>>> print(open('final_26.cif').read())   # mmCIF, C-alpha atoms and all ligand atoms
data_input
loop_
_atom_site.label_atom_id
_atom_site.label_comp_id
_atom_site.auth_asym_id
_atom_site.auth_seq_id
_atom_site.Cartn_x
_atom_site.Cartn_y
_atom_site.Cartn_z
CA THR A 1 137.49 99.01 96.29
CA THR A 2 134.39 97.51 97.88
CA GLU A 3 134.83 94.42 99.99
CA VAL A 4 132.79 91.39 98.92
CA TYR A 5 131.68 88.94 101.64
CA TYR A 6 131.39 85.23 100.91
CA ASP A 7 130.32 82.15 102.89
CA GLU A 8 133.57 82.01 104.84
CA ASP A 9 133.09 85.61 106.02
CA ALA A 10 129.75 84.81 107.65
CA ASN A 11 129.50 83.33 111.14
CA ARG A 12 126.28 81.39 111.45
CA SER A 13 126.42 81.41 115.25
CA PHE A 14 124.95 84.94 115.01
CA ILE A 15 121.66 83.48 113.78
CA ASP A 16 121.61 79.75 114.54
CA ASP A 17 120.00 80.02 118.00
CA LYS A 18 117.60 82.80 117.01
CA THR A 19 114.04 82.84 115.73
CA VAL A 20 113.29 84.78 112.55
CA ALA A 21 109.80 86.13 111.89
CA VAL A 22 109.30 86.52 108.15
CA ILE A 23 106.42 88.98 107.78
CA GLY A 24 104.79 88.46 104.38
CA TYR A 25 104.95 85.42 102.10
CA GLY A 26 105.20 86.96 98.65
CA SER A 27 108.15 87.27 96.29
CA GLN A 28 110.87 87.80 98.92
CA GLY A 29 109.04 86.36 101.93
CA HIS A 30 108.55 82.84 100.58
CA ALA A 31 112.20 82.66 99.51
CA HIS A 32 113.69 83.97 102.77
CA ALA A 33 111.44 81.78 104.92
CA GLN A 34 112.11 78.53 103.06
CA ASN A 35 115.82 79.14 102.54
CA LEU A 36 116.40 80.05 106.20
CA SER A 37 114.34 77.11 107.39
CA GLU A 38 116.28 74.66 105.19
CA SER A 39 119.49 76.26 106.48
CA GLY A 40 118.43 75.18 109.97
CA VAL A 41 117.18 78.51 111.30
CA ASP A 42 113.95 78.61 113.35
CA VAL A 43 111.41 80.44 111.18
CA VAL A 44 107.88 81.63 111.84
CA VAL A 45 105.87 83.32 109.10
CA GLY A 46 103.70 86.34 110.01
CA LEU A 47 100.50 86.81 107.98
CA ARG A 48 97.24 88.59 108.71
CA GLU A 49 94.08 86.58 109.44
CA GLY A 50 92.48 85.48 106.19
CA SER A 51 95.64 86.19 104.19
CA SER A 52 95.62 84.56 100.78
CA SER A 53 99.26 83.55 101.39
CA ARG A 54 98.50 81.37 104.42
CA SER A 55 97.83 78.20 102.47
CA ALA A 56 101.10 78.51 100.53
CA ALA A 57 103.15 78.92 103.71
CA HIS A 58 101.35 75.98 105.34
CA ALA A 59 101.84 73.86 102.21
CA ASP A 60 105.57 74.61 102.41
CA GLY A 61 105.57 73.20 105.93
CA LEU A 62 106.06 76.48 107.78
CA ASP A 63 104.61 77.71 111.01
CA VAL A 64 102.20 80.64 110.46
CA GLU A 65 101.02 83.19 113.03
CA THR A 66 99.70 86.74 112.86
CA PRO A 67 102.43 89.35 112.32
CA ALA A 68 102.24 90.41 115.99
CA GLU A 69 102.40 86.82 117.32
CA ALA A 70 105.30 85.99 114.99
CA ALA A 71 107.18 89.12 116.02
CA ALA A 72 106.61 88.33 119.69
CA ARG A 73 108.36 84.95 119.25
CA ALA A 74 111.19 86.32 117.15
CA ASP A 75 114.61 87.84 117.71
CA ILE A 76 114.78 89.03 114.11
CA VAL A 77 111.71 90.47 112.36
CA SER A 78 112.14 90.51 108.59
CA MET A 79 109.70 93.00 107.05
CA LEU A 80 108.78 91.48 103.67
CA VAL A 81 105.34 92.89 102.88
CA PRO A 82 105.08 95.52 100.09
CA ASP A 83 106.78 98.81 100.90
CA THR A 84 103.49 100.73 100.89
CA SER A 85 101.98 98.30 103.47
CA GLN A 86 104.98 98.29 105.81
CA PRO A 87 104.12 101.36 107.96
CA ALA A 88 100.74 99.87 108.94
CA VAL A 89 102.21 96.41 109.54
CA PHE A 90 104.97 97.99 111.64
CA GLU A 91 102.33 99.59 113.89
CA ALA A 92 100.87 96.13 114.47
CA ILE A 93 104.22 94.62 115.54
CA ARG A 94 106.11 97.48 117.19
CA ASP A 95 105.08 96.53 120.74
CA GLU A 96 106.48 93.03 120.17
CA LEU A 97 110.00 94.31 119.46
CA ASP A 98 112.04 93.70 122.60
CA ALA A 99 115.25 95.53 123.43
CA GLY A 100 118.05 93.91 121.43
CA ASP A 101 115.77 92.45 118.74
CA THR A 102 116.41 93.22 115.09
CA LEU A 103 114.05 94.88 112.65
CA GLN A 104 115.19 93.93 109.17
CA PHE A 105 114.31 95.12 105.67
CA ALA A 106 115.04 94.15 102.06
CA HIS A 107 114.74 97.75 100.82
CA GLY A 108 115.44 101.02 102.60
CA PHE A 109 112.49 103.16 101.52
CA ASN A 110 110.48 103.34 104.77
CA ILE A 111 113.47 103.87 107.04
CA HIS A 112 115.22 106.34 104.76
CA TYR A 113 112.08 108.43 104.20
CA ASN A 114 110.99 108.19 107.87
CA GLN A 115 107.80 106.25 107.20
CA ILE A 116 108.84 103.83 109.95
CA GLN A 117 110.47 105.15 113.11
CA PRO A 118 111.92 102.12 114.87
CA PRO A 119 112.40 101.99 118.64
CA GLU A 120 115.88 103.15 119.68
CA ASP A 121 116.75 99.92 121.48
CA VAL A 122 116.59 97.55 118.48
CA ASP A 123 119.05 96.85 115.68
CA VAL A 124 117.86 97.94 112.24
CA THR A 125 119.45 96.16 109.29
CA MET A 126 118.95 95.35 105.64
CA VAL A 127 119.59 92.14 103.73
CA ALA A 128 118.57 92.75 100.14
CA PRO A 129 119.03 90.11 97.48
CA LYS A 130 119.58 91.84 94.13
CA SER A 131 116.99 89.64 92.49
CA PRO A 132 113.30 88.74 92.46
CA GLY A 133 112.35 86.28 95.18
CA HIS A 134 111.59 83.33 92.95
CA LEU A 135 115.24 83.36 91.79
CA VAL A 136 116.50 83.64 95.39
CA ARG A 137 114.58 80.45 96.07
CA ARG A 138 115.48 78.63 92.87
CA ASN A 139 119.18 79.46 93.18
CA TYR A 140 119.23 78.18 96.76
CA GLU A 141 117.61 74.90 95.71
CA ASN A 142 120.21 74.52 92.94
CA ASP A 143 123.12 75.10 95.37
CA GLN A 144 123.74 78.47 93.77
CA GLY A 145 123.75 81.91 95.29
CA THR A 146 122.10 85.26 94.69
CA PRO A 147 124.19 88.44 95.02
CA GLY A 148 122.98 90.72 97.78
CA LEU A 149 123.48 93.84 99.87
CA ILE A 150 123.65 94.32 103.62
CA ALA A 151 123.34 97.58 105.55
CA VAL A 152 123.18 98.60 109.19
CA TYR A 153 121.05 101.58 110.26
CA GLN A 154 120.98 101.01 114.04
CA ASN A 155 123.51 98.89 115.89
CA VAL A 156 122.64 98.66 119.58
CA SER A 157 123.85 95.08 119.97
CA ASP A 158 127.22 95.79 118.36
CA GLU A 159 126.59 92.62 116.33
CA ALA A 160 124.18 93.96 113.70
CA LYS A 161 126.52 93.50 110.76
CA GLU A 162 127.57 89.99 111.80
CA GLU A 163 123.93 89.01 112.21
CA ALA A 164 123.00 90.46 108.80
CA LEU A 165 125.86 88.50 107.21
CA ALA A 166 124.69 85.33 108.96
CA TYR A 167 121.15 85.93 107.62
CA ALA A 168 122.56 86.55 104.14
CA HIS A 169 124.35 83.21 104.52
CA GLY A 170 121.09 81.53 105.53
CA ILE A 171 119.26 82.66 102.39
CA GLY A 172 122.20 81.78 100.14
CA CYS A 173 123.46 85.27 99.28
CA THR A 174 127.01 84.82 100.58
CA ARG A 175 127.42 81.91 98.14
CA ALA A 176 127.42 84.51 95.35
CA GLY A 177 128.77 87.53 97.24
CA VAL A 178 127.43 90.32 99.41
CA ILE A 179 128.51 93.96 99.61
CA GLU A 180 127.85 96.48 102.37
CA THR A 181 125.94 99.67 101.65
CA THR A 182 123.85 102.19 103.58
CA PHE A 183 120.06 102.59 103.72
CA ARG A 184 120.43 105.94 101.93
CA GLU A 185 122.63 104.63 99.12
CA GLU A 186 120.52 101.51 98.54
CA THR A 187 117.26 103.47 98.50
CA GLU A 188 118.41 106.31 96.27
CA THR A 189 120.30 104.22 93.72
CA ASP A 190 117.46 101.68 93.58
CA LEU A 191 114.80 104.34 92.91
CA PHE A 192 116.95 106.22 90.41
CA GLY A 193 117.86 103.03 88.56
CA GLU A 194 114.30 101.82 88.16
CA GLN A 195 113.01 105.28 87.19
CA ALA A 196 115.69 106.54 84.82
CA VAL A 197 117.09 103.38 83.27
CA LEU A 198 115.64 99.98 84.09
CA CYS A 199 111.88 100.42 84.11
CA GLY A 200 111.08 103.99 83.10
CA GLY A 201 113.94 104.79 80.72
CA VAL A 202 113.87 101.51 78.85
CA THR A 203 110.08 101.41 78.31
CA SER A 204 110.07 105.00 77.02
CA LEU A 205 112.95 104.25 74.66
CA ILE A 206 111.09 101.20 73.34
CA LYS A 207 107.77 103.05 72.90
CA GLN A 208 109.37 106.04 71.15
CA GLY A 209 111.31 103.76 68.82
CA TYR A 210 108.19 101.75 68.04
CA GLU A 211 106.08 104.87 67.37
CA THR A 212 108.78 106.39 65.16
CA LEU A 213 108.83 103.30 62.92
CA VAL A 214 105.06 102.78 62.81
CA ASP A 215 104.36 106.48 62.16
CA ALA A 216 106.80 106.29 59.25
CA GLY A 217 104.70 103.49 57.71
CA TYR A 218 106.62 100.36 58.77
CA SER A 219 104.64 97.36 59.96
CA PRO A 220 103.89 97.14 63.70
CA GLU A 221 105.14 93.54 63.74
CA MET A 222 108.54 94.53 62.33
CA ALA A 223 108.71 97.44 64.75
CA TYR A 224 107.91 95.17 67.71
CA PHE A 225 110.60 92.65 66.83
CA GLU A 226 113.14 95.36 66.20
CA VAL A 227 112.77 97.50 69.31
CA LEU A 228 111.30 95.18 71.96
CA ASN A 229 111.97 91.54 71.22
CA GLU A 230 115.63 92.05 70.30
CA MET A 231 116.20 94.12 73.43
CA LYS A 232 116.61 90.93 75.47
CA LEU A 233 119.26 89.53 73.17
CA ILE A 234 121.29 92.74 73.37
CA VAL A 235 120.92 92.99 77.16
CA ASP A 236 121.96 89.35 77.56
CA LEU A 237 125.21 90.12 75.71
CA MET A 238 125.90 93.12 77.98
CA TYR A 239 125.07 91.05 81.07
CA GLU A 240 127.64 88.47 80.03
CA GLY A 241 130.42 90.67 78.70
CA GLY A 242 129.68 94.31 79.41
CA LEU A 243 129.21 96.89 76.67
CA GLY A 244 132.31 95.52 74.92
CA GLY A 245 130.89 92.02 74.82
CA MET A 246 127.82 93.39 73.07
CA TRP A 247 129.78 95.55 70.60
CA ASP A 248 131.98 92.55 69.73
CA SER A 249 128.95 90.39 68.94
CA VAL A 250 126.98 92.77 66.73
CA SER A 251 128.02 93.60 63.17
CA ASP A 252 130.54 96.38 62.44
CA THR A 253 127.70 98.29 60.80
CA ALA A 254 125.58 98.06 63.95
CA GLU A 255 128.57 99.08 66.05
CA TYR A 256 129.42 102.11 63.88
CA GLY A 257 125.76 103.20 63.64
CA GLY A 258 125.23 102.76 67.36
CA LEU A 259 128.42 104.56 68.37
CA THR A 260 127.66 107.54 66.10
CA ARG A 261 123.88 107.78 66.80
CA GLY A 262 123.32 106.60 70.38
CA ASP A 263 124.36 109.85 72.06
CA ARG A 264 122.12 111.80 69.69
CA ILE A 265 119.09 109.88 70.97
CA VAL A 266 119.91 109.88 74.67
CA ASP A 267 121.57 113.31 74.58
CA GLU A 268 122.62 115.96 77.10
CA HIS A 269 118.97 116.88 77.53
CA ALA A 270 118.24 113.34 78.72
CA ARG A 271 121.20 113.66 81.06
CA GLU A 272 119.77 116.87 82.55
CA ASN A 273 116.42 115.12 83.04
CA MET A 274 118.20 112.24 84.77
CA GLU A 275 119.83 114.68 87.17
CA GLU A 276 116.43 116.21 87.89
CA VAL A 277 114.91 112.80 88.56
CA LEU A 278 117.83 111.99 90.88
CA GLU A 279 117.28 115.24 92.78
CA GLU A 280 113.62 114.35 93.33
CA VAL A 281 114.76 111.03 94.80
CA GLN A 282 117.39 112.73 96.99
CA ASP A 283 115.22 115.58 98.30
CA GLY A 284 112.34 113.22 99.11
CA SER A 285 109.85 114.77 96.70
CA PHE A 286 109.38 111.53 94.76
CA ALA A 287 108.75 109.68 98.04
CA ARG A 288 106.21 112.30 99.17
CA GLN A 289 104.43 112.09 95.80
CA TRP A 290 104.23 108.29 95.95
CA ILE A 291 103.04 108.27 99.57
CA ALA A 292 100.32 110.86 98.76
CA GLU A 293 99.32 108.86 95.68
CA ASN A 294 98.77 105.80 97.88
CA GLN A 295 96.84 107.76 100.49
CA ALA A 296 94.51 108.92 97.68
CA ASN A 297 94.01 105.31 96.52
CA ARG A 298 96.37 105.56 93.53
CA PRO A 299 94.36 107.65 91.01
CA SER A 300 97.16 108.56 88.59
CA TYR A 301 98.92 105.22 89.04
CA THR A 302 95.74 103.45 87.94
CA GLN A 303 95.31 105.76 84.99
CA LEU A 304 98.94 105.47 83.82
CA ARG A 305 98.80 101.70 84.15
CA HIS A 306 95.67 101.61 82.04
CA ALA A 307 97.23 103.80 79.34
CA GLU A 308 100.32 101.58 79.24
CA GLU A 309 98.18 98.44 78.88
CA ASN A 310 96.40 100.02 75.93
CA HIS A 311 99.52 101.07 74.03
CA ASP A 312 99.52 99.59 70.54
CA ILE A 313 102.82 97.79 71.17
CA GLU A 314 101.13 95.71 73.88
CA ARG A 315 98.40 94.40 71.58
CA VAL A 316 100.87 93.67 68.79
CA GLY A 317 103.22 91.99 71.23
CA ALA A 318 100.52 89.81 72.80
CA ARG A 319 99.48 88.58 69.36
CA LEU A 320 103.06 87.85 68.27
CA ARG A 321 103.95 86.08 71.50
CA ASP A 322 100.91 83.85 70.94
CA LEU A 323 102.03 83.04 67.39
CA PHE A 324 105.70 82.31 67.98
CA ALA A 325 107.26 79.42 69.83
CA TRP A 326 109.78 81.31 71.98
CA ALA A 327 107.07 83.01 74.00
CA GLU A 328 105.29 79.76 74.82
CA GLU A 329 108.36 78.37 76.59
CA GLU A 330 108.80 81.52 78.62
CA GLY A 331 105.11 81.66 79.44
CA GLU A 332 105.29 78.14 80.80
CA SER A 333 108.31 78.77 82.98
CA GLU A 334 106.59 81.85 84.35
CA ASP A 335 103.63 79.72 85.36
CA GLU A 336 105.98 77.35 87.15
CA GLU A 337 107.46 80.31 89.03
CA GLN A 338 104.01 81.44 90.11
CA ALA A 339 103.26 77.99 91.43
CA GLU A 340 106.45 77.83 93.52
P1 LIG B 401 105.08 91.13 97.83
O1 LIG B 401 104.18 92.10 97.16
O2 LIG B 401 105.43 89.89 97.08
O3 LIG B 401 104.43 90.74 99.27
C1 LIG B 401 103.23 90.10 99.32
C2 LIG B 401 103.06 89.51 100.71
O4 LIG B 401 102.81 90.56 101.66
C3 LIG B 401 101.88 88.59 100.75
O5 LIG B 401 102.17 87.49 101.62
C4 LIG B 401 100.78 89.46 101.32
O6 LIG B 401 99.84 88.70 102.01
C5 LIG B 401 101.56 90.31 102.30
N1 LIG B 401 100.89 91.57 102.57
C6 LIG B 401 100.55 92.54 101.68
N2 LIG B 401 99.95 93.57 102.29
C7 LIG B 401 99.87 93.24 103.60
C8 LIG B 401 99.35 93.90 104.74
N3 LIG B 401 98.81 95.11 104.66
N4 LIG B 401 99.44 93.24 105.93
C9 LIG B 401 100.02 92.03 106.02
N5 LIG B 401 100.55 91.38 104.97
C10 LIG B 401 100.47 91.97 103.77
O7 LIG B 401 106.37 91.90 98.34
P2 LIG B 401 107.87 91.77 97.76
O8 LIG B 401 108.44 90.45 98.17
O9 LIG B 401 107.91 92.20 96.34
O10 LIG B 401 108.58 92.93 98.62
C11 LIG B 401 108.90 92.77 99.97
C12 LIG B 401 110.10 93.67 100.28
O11 LIG B 401 111.22 93.21 99.55
C13 LIG B 401 109.89 95.13 99.86
O12 LIG B 401 110.55 95.95 100.80
C14 LIG B 401 110.60 95.21 98.52
O13 LIG B 401 111.06 96.50 98.19
C15 LIG B 401 111.76 94.27 98.78
N6 LIG B 401 112.40 93.69 97.60
C16 LIG B 401 111.62 93.10 96.64
C17 LIG B 401 112.21 92.53 95.54
C18 LIG B 401 111.39 91.81 94.51
O14 LIG B 401 111.96 91.38 93.53
N7 LIG B 401 110.08 91.64 94.65
C19 LIG B 401 113.68 92.58 95.33
C20 LIG B 401 114.41 93.12 96.45
C21 LIG B 401 113.76 93.69 97.52
P3 LIG B 401 98.26 88.88 101.75
O15 LIG B 401 97.87 87.65 101.01
O16 LIG B 401 97.70 88.94 103.13
O17 LIG B 401 98.06 90.17 100.98
MG MG B 402 110.71 89.56 120.28
MG MG B 403 114.87 97.70 92.59
#
>>> encode(input="final_26.cif", output="structure tokens")
Amino acid sequence: TTEVYYDEDANRSFIDDKTVAVIGYGSQGHAHAQNLSESGVDVVVGLREGSSSRSAAHADGLDVETPAEAAARADIVSMLVPDTSQPAVFEAIRDELDAGDTLQFAHGFNIHYNQIQPPEDVDVTMVAPKSPGHLVRRNYENDQGTPGLIAVYQNVSDEAKEEALAYAHGIGCTRAGVIETTFREETETDLFGEQAVLCGGVTSLIKQGYETLVDAGYSPEMAYFEVLNEMKLIVDLMYEGGLGGMWDSVSDTAEYGGLTRGDRIVDEHARENMEEVLEEVQDGSFARQWIAENQANRPSYTQLRHAEENHDIERVGARLRDLFAWAEEEGESEDEEQAE
């Protein structure tokens, strides 16, 4: 079984006398920088000249330099700009990485698919909270933790894992628990999960269910509530108690219908497609496609995004969320998150 690391397994002396450059001040960057700083670690934020994030970092009381200047001061450079921007940002900071410094990531994409080739004399590690950044920050402020992963890709100092654990402690992850993985495993499972199940699979299931009902003459509003709105309630039950917790909470009729029909919807054909999607992640063809898409200025991404925005379920949903009270509360809390 996998070992889980908690606060008592982390030794903060591996980070307490070091300087961390947090490059980027977005979702992850603002959380790592503030949590580390409040944990007593010396933090400098790296942002390009004219960056729209500069005022936020200054307002939070942090020291801001360019990425290269921040990296020059730092022992640990935490690369927290978007994955597609990281190769260019790496070029700007690579000369500032001294022997024995650490280049750190929160996702393995650029290392695993060779988009960044780090110098051989630095440690390369990952500390990846399994959560959006605003929750990493909010949990820390509420004396709670956020589960996370650590991984070591290069270990020249012989202390890379201890340092990653100390960093995970500094951002509050060891409060909840941290497990060790590899860059390959984190990257491939993360991409597969978001493509096949979490983002891609679930939205397709919702859209097909919605279209099936509406095409059969049912009202779009009923269809929206049934296949999208209720999804959250069902997922919350699984999150709390696994599949069994969900089955226990729904009616016997829902349980019998679901158990007899579910595998007919997501059938062996879907399973074969999942295996194909996994192969494209493993053999690098998805990564090559996404890199080429970015180099071409994202033509199909833009088009697919536009089509998704114009799906009927989005218009119906926007109208219903305006009319009903539950959406107002969530909309407000989202605004608060943005402001953080
Ligand atoms: P964001 O999109 O939130 O990062 C935005 C920040 O990066 C801004 O400060 C922006 O500043 C800066 N930035 C963007 N482009 C550049 C550039 N070319 N040069 C310099 N700075 C730039 O990133 P995330 O926090 O979402 O992701 C960071 C890393 O964390 C990624 O590796 C991601 O995979 C990983 N991760 C993200 C999670 C999440 O929930 N978001 C969860 C776990 C891991 P500016 O104003 O100058 O554009
Ligand atoms: Mg340095
Ligand atoms: Mg992910």
>>> residues_around(input="final_26.cif", residues="A:Gly177", least_positions_apart="4", cutoff="9 Å", atoms="only C-alpha atoms", output="list of chain:residue names")
A:Val4, A:Tyr5, A:Tyr6, A:Asp7, A:Gly145, A:Thr146, A:Pro147, A:Gly148, A:Leu149, A:Cys173
>>> closest_atom_pairs(input="final_26.cif", of="chain A", to="ligand MG 403 (chain B)", cutoff="7 Å", atoms="only C-alpha atoms and all ligand atoms", output="tab-separated table")
residue	atom	partner	partner_atom	distance
A:Asp190	CA	B:MG403	MG	4.9
A:Leu191	CA	B:MG403	MG	6.6
A:Glu194	CA	B:MG403	MG	6.1
>>> residues_near_point(input="final_26.cif", point="(113.0, 92.9, 94.5)", cutoff="8 Å", atoms="all atoms listed in the file", output="short mmCIF file (atom, residue, chain, number, x, y, z; two decimals) with C-alpha atoms, keeping the file's coordinate frame")
data_model
loop_
_atom_site.label_atom_id
_atom_site.label_comp_id
_atom_site.auth_asym_id
_atom_site.auth_seq_id
_atom_site.Cartn_x
_atom_site.Cartn_y
_atom_site.Cartn_z
CA SER A 27 108.15 87.27 96.29
CA GLN A 28 110.87 87.80 98.92
CA ALA A 106 115.04 94.15 102.06
CA ALA A 128 118.57 92.75 100.14
CA PRO A 129 119.03 90.11 97.48
CA LYS A 130 119.58 91.84 94.13
CA SER A 131 116.99 89.64 92.49
CA PRO A 132 113.30 88.74 92.46
CA GLY A 133 112.35 86.28 95.18
#
>>> closest_atom_pairs(input="final_26.cif", of="chain A", to="ligand MG 402 (chain B)", cutoff="6 Å", atoms="only C-alpha atoms and all ligand atoms", output="tab-separated table")
residue	atom	partner	partner_atom	distance
A:Ala71	CA	B:MG402	MG	5.5
A:Ala72	CA	B:MG402	MG	4.3
A:Arg73	CA	B:MG402	MG	5.3
A:Ala74	CA	B:MG402	MG	4.5
A:Asp75	CA	B:MG402	MG	5.0
A:Glu96	CA	B:MG402	MG	5.5
A:Leu97	CA	B:MG402	MG	4.9
A:Asp98	CA	B:MG402	MG	4.9
>>> write_last_selection(input="final_26.cif", atoms="C-alpha atoms", output="PDB file, in the coordinates of the input")
ATOM      1  CA  ALA A  71     107.180  89.120 116.020  1.00  0.00           C
ATOM      2  CA  ALA A  72     106.610  88.330 119.690  1.00  0.00           C
ATOM      3  CA  ARG A  73     108.360  84.950 119.250  1.00  0.00           C
ATOM      4  CA  ALA A  74     111.190  86.320 117.150  1.00  0.00           C
ATOM      5  CA  ASP A  75     114.610  87.840 117.710  1.00  0.00           C
ATOM      6  CA  GLU A  96     106.480  93.030 120.170  1.00  0.00           C
ATOM      7  CA  LEU A  97     110.000  94.310 119.460  1.00  0.00           C
ATOM      8  CA  ASP A  98     112.040  93.700 122.600  1.00  0.00           C
TER       9      ASP A  98
END
>>> closest_residue(input="final_26.cif", among="A:Glu230, A:Glu91, A:Glu314, A:Glu279", to="ligand LIG 401 (chain B)", atoms="only C-alpha atoms and all ligand atoms")
A:Glu91
>>> closest_atom_pairs(input="final_26.cif", of="chain A", to="ligand LIG 401 (chain B)", cutoff="7 Å", atoms="only C-alpha atoms and all ligand atoms", output="JSON lines")
{"residue": "A:Ile23", "atom": "CA", "partner": "B:LIG401", "partner_atom": "N5", "distance": 6.9}
{"residue": "A:Gly24", "atom": "CA", "partner": "B:LIG401", "partner_atom": "O5", "distance": 3.9}
{"residue": "A:Tyr25", "atom": "CA", "partner": "B:LIG401", "partner_atom": "O5", "distance": 3.5}
{"residue": "A:Gly26", "atom": "CA", "partner": "B:LIG401", "partner_atom": "O2", "distance": 3.3}
{"residue": "A:Ser27", "atom": "CA", "partner": "B:LIG401", "partner_atom": "O8", "distance": 3.7}
{"residue": "A:Gln28", "atom": "CA", "partner": "B:LIG401", "partner_atom": "O8", "distance": 3.7}
{"residue": "A:Gly29", "atom": "CA", "partner": "B:LIG401", "partner_atom": "O8", "distance": 5.6}
{"residue": "A:Leu47", "atom": "CA", "partner": "B:LIG401", "partner_atom": "N5", "distance": 5.5}
{"residue": "A:Arg48", "atom": "CA", "partner": "B:LIG401", "partner_atom": "C9", "distance": 5.2}
{"residue": "A:Gly50", "atom": "CA", "partner": "B:LIG401", "partner_atom": "O16", "distance": 7.0}
{"residue": "A:Ser51", "atom": "CA", "partner": "B:LIG401", "partner_atom": "O16", "distance": 3.6}
{"residue": "A:Ser52", "atom": "CA", "partner": "B:LIG401", "partner_atom": "O15", "distance": 3.8}
{"residue": "A:Ser53", "atom": "CA", "partner": "B:LIG401", "partner_atom": "O15", "distance": 4.3}
{"residue": "A:Met79", "atom": "CA", "partner": "B:LIG401", "partner_atom": "C12", "distance": 6.8}
{"residue": "A:Leu80", "atom": "CA", "partner": "B:LIG401", "partner_atom": "C11", "distance": 3.9}
{"residue": "A:Val81", "atom": "CA", "partner": "B:LIG401", "partner_atom": "O4", "distance": 3.6}
{"residue": "A:Pro82", "atom": "CA", "partner": "B:LIG401", "partner_atom": "O7", "distance": 4.2}
{"residue": "A:Asp83", "atom": "CA", "partner": "B:LIG401", "partner_atom": "O12", "distance": 4.7}
{"residue": "A:Ser85", "atom": "CA", "partner": "B:LIG401", "partner_atom": "N3", "distance": 4.7}
{"residue": "A:Ala88", "atom": "CA", "partner": "B:LIG401", "partner_atom": "N3", "distance": 6.7}
{"residue": "A:Val89", "atom": "CA", "partner": "B:LIG401", "partner_atom": "N4", "distance": 5.5}
{"residue": "A:Phe105", "atom": "CA", "partner": "B:LIG401", "partner_atom": "O12", "distance": 6.2}
{"residue": "A:Ala106", "atom": "CA", "partner": "B:LIG401", "partner_atom": "C15", "distance": 4.6}
{"residue": "A:His107", "atom": "CA", "partner": "B:LIG401", "partner_atom": "O12", "distance": 4.6}
{"residue": "A:Ala128", "atom": "CA", "partner": "B:LIG401", "partner_atom": "C21", "distance": 5.6}
{"residue": "A:Pro129", "atom": "CA", "partner": "B:LIG401", "partner_atom": "C20", "distance": 5.6}
{"residue": "A:Lys130", "atom": "CA", "partner": "B:LIG401", "partner_atom": "C20", "distance": 5.8}
{"residue": "A:Ser131", "atom": "CA", "partner": "B:LIG401", "partner_atom": "C19", "distance": 5.3}
{"residue": "A:Pro132", "atom": "CA", "partner": "B:LIG401", "partner_atom": "O14", "distance": 3.1}
{"residue": "A:Gly133", "atom": "CA", "partner": "B:LIG401", "partner_atom": "O14", "distance": 5.4}
>>> residues_around(input="final_26.cif", residues="A:Gly61", least_positions_apart="6", cutoff="12 Å", atoms="all atoms listed in the file", output="JSON, numbers by chain")
{"A": [30, 33, 34, 37, 38, 43, 44, 45, 54, 55]}
>>> residues_around(input="final_26.cif", residues="A:Tyr210", least_positions_apart="2", cutoff="7 Å", atoms="only C-alpha atoms", output="list in words")
Ile206, Lys207, Gln208, Thr212, Leu213, Val214, Ala223, Tyr224 and Val227 of chain A
>>> closest_residue(input="final_26.cif", among="A:Asp95, A:Glu280, A:Glu226, A:Asp121", to="A:Ser157", atoms="all atoms listed in the file")
A:Asp121
>>> atom_distance(input="final_26.cif", atom1="atom CA of A:Gly200", atom2="atom CA of A:Arg305")
12.5 Å
>>> atom_distance(input="final_26.cif", atom1="atom CA of A:Ser251", atom2="atom CA of A:Met222")
19.5 Å
>>> residues_around(input="final_26.cif", residues="A:Tyr140", least_positions_apart="4", cutoff="9 Å", atoms="all atoms listed in the file", output="list in words")
Ala31, Asn35, Leu135, Val136, Gln144, Gly145, Thr146, Ile171, Gly172 and Cys173 of chain A
>>> atom_distance(input="final_26.cif", atom1="atom CA of A:Ala10", atom2="atom CA of A:Leu165")
5.4 Å
>>> closest_atom_pairs(input="final_26.cif", of="stretch 72-141 of chain A", to="stretch 289-298 of chain A", cutoff="12 Å", atoms="only C-alpha atoms", output="Markdown table")
| residue | atom | partner | partner_atom | distance |
| --- | --- | --- | --- | --- |
| A:Asp83 | CA | A:Ile291 | CA | 10.3 |
| A:Thr84 | CA | A:Asn294 | CA | 7.6 |
| A:Ser85 | CA | A:Asn294 | CA | 9.9 |
| A:Gln86 | CA | A:Ile291 | CA | 11.9 |
| A:Pro87 | CA | A:Ile291 | CA | 10.9 |
| A:Phe109 | CA | A:Ile291 | CA | 10.9 |
| A:Asn110 | CA | A:Ile291 | CA | 10.3 |
| A:Tyr113 | CA | A:Ile291 | CA | 10.2 |
| A:Asn114 | CA | A:Ile291 | CA | 11.5 |
| A:Gln115 | CA | A:Ile291 | CA | 9.2 |
>>> closest_residue(input="final_26.cif", among="A:Leu243, A:Ala160, A:Val316, A:Val202", to="A:Ser219", atoms="all atoms listed in the file")
A:Val316
>>> closest_residue(input="final_26.cif", among="A:Asp158, A:Ser13, A:Ala59, A:Tyr167", to="A:Ser78", atoms="all atoms listed in the file")
A:Tyr167
>>> closest_residue(input="final_26.cif", among="A:Glu49, A:Glu276, A:Asp101, A:Glu69", to="A:Gln195", atoms="all atoms listed in the file")
A:Glu276
>>> closest_residue(input="final_26.cif", among="A:Ile76, A:Ala216, A:Ala57, A:Val266", to="A:Ala164", atoms="all atoms listed in the file")
A:Ile76
>>> residues_around(input="final_26.cif", residues="A:Gly170", least_positions_apart="6", cutoff="8 Å", atoms="all atoms listed in the file", output="number ranges by chain")
A: 12, 35-36, 39, 41
>>> write_last_selection(input="final_26.cif", atoms="C-alpha atoms", output="PDB file, in the coordinates of the input")
ATOM      1  CA  ARG A  12     126.280  81.390 111.450  1.00  0.00           C
ATOM      2  CA  ASN A  35     115.820  79.140 102.540  1.00  0.00           C
ATOM      3  CA  LEU A  36     116.400  80.050 106.200  1.00  0.00           C
ATOM      4  CA  SER A  39     119.490  76.260 106.480  1.00  0.00           C
ATOM      5  CA  VAL A  41     117.180  78.510 111.300  1.00  0.00           C
TER       6      VAL A  41
END
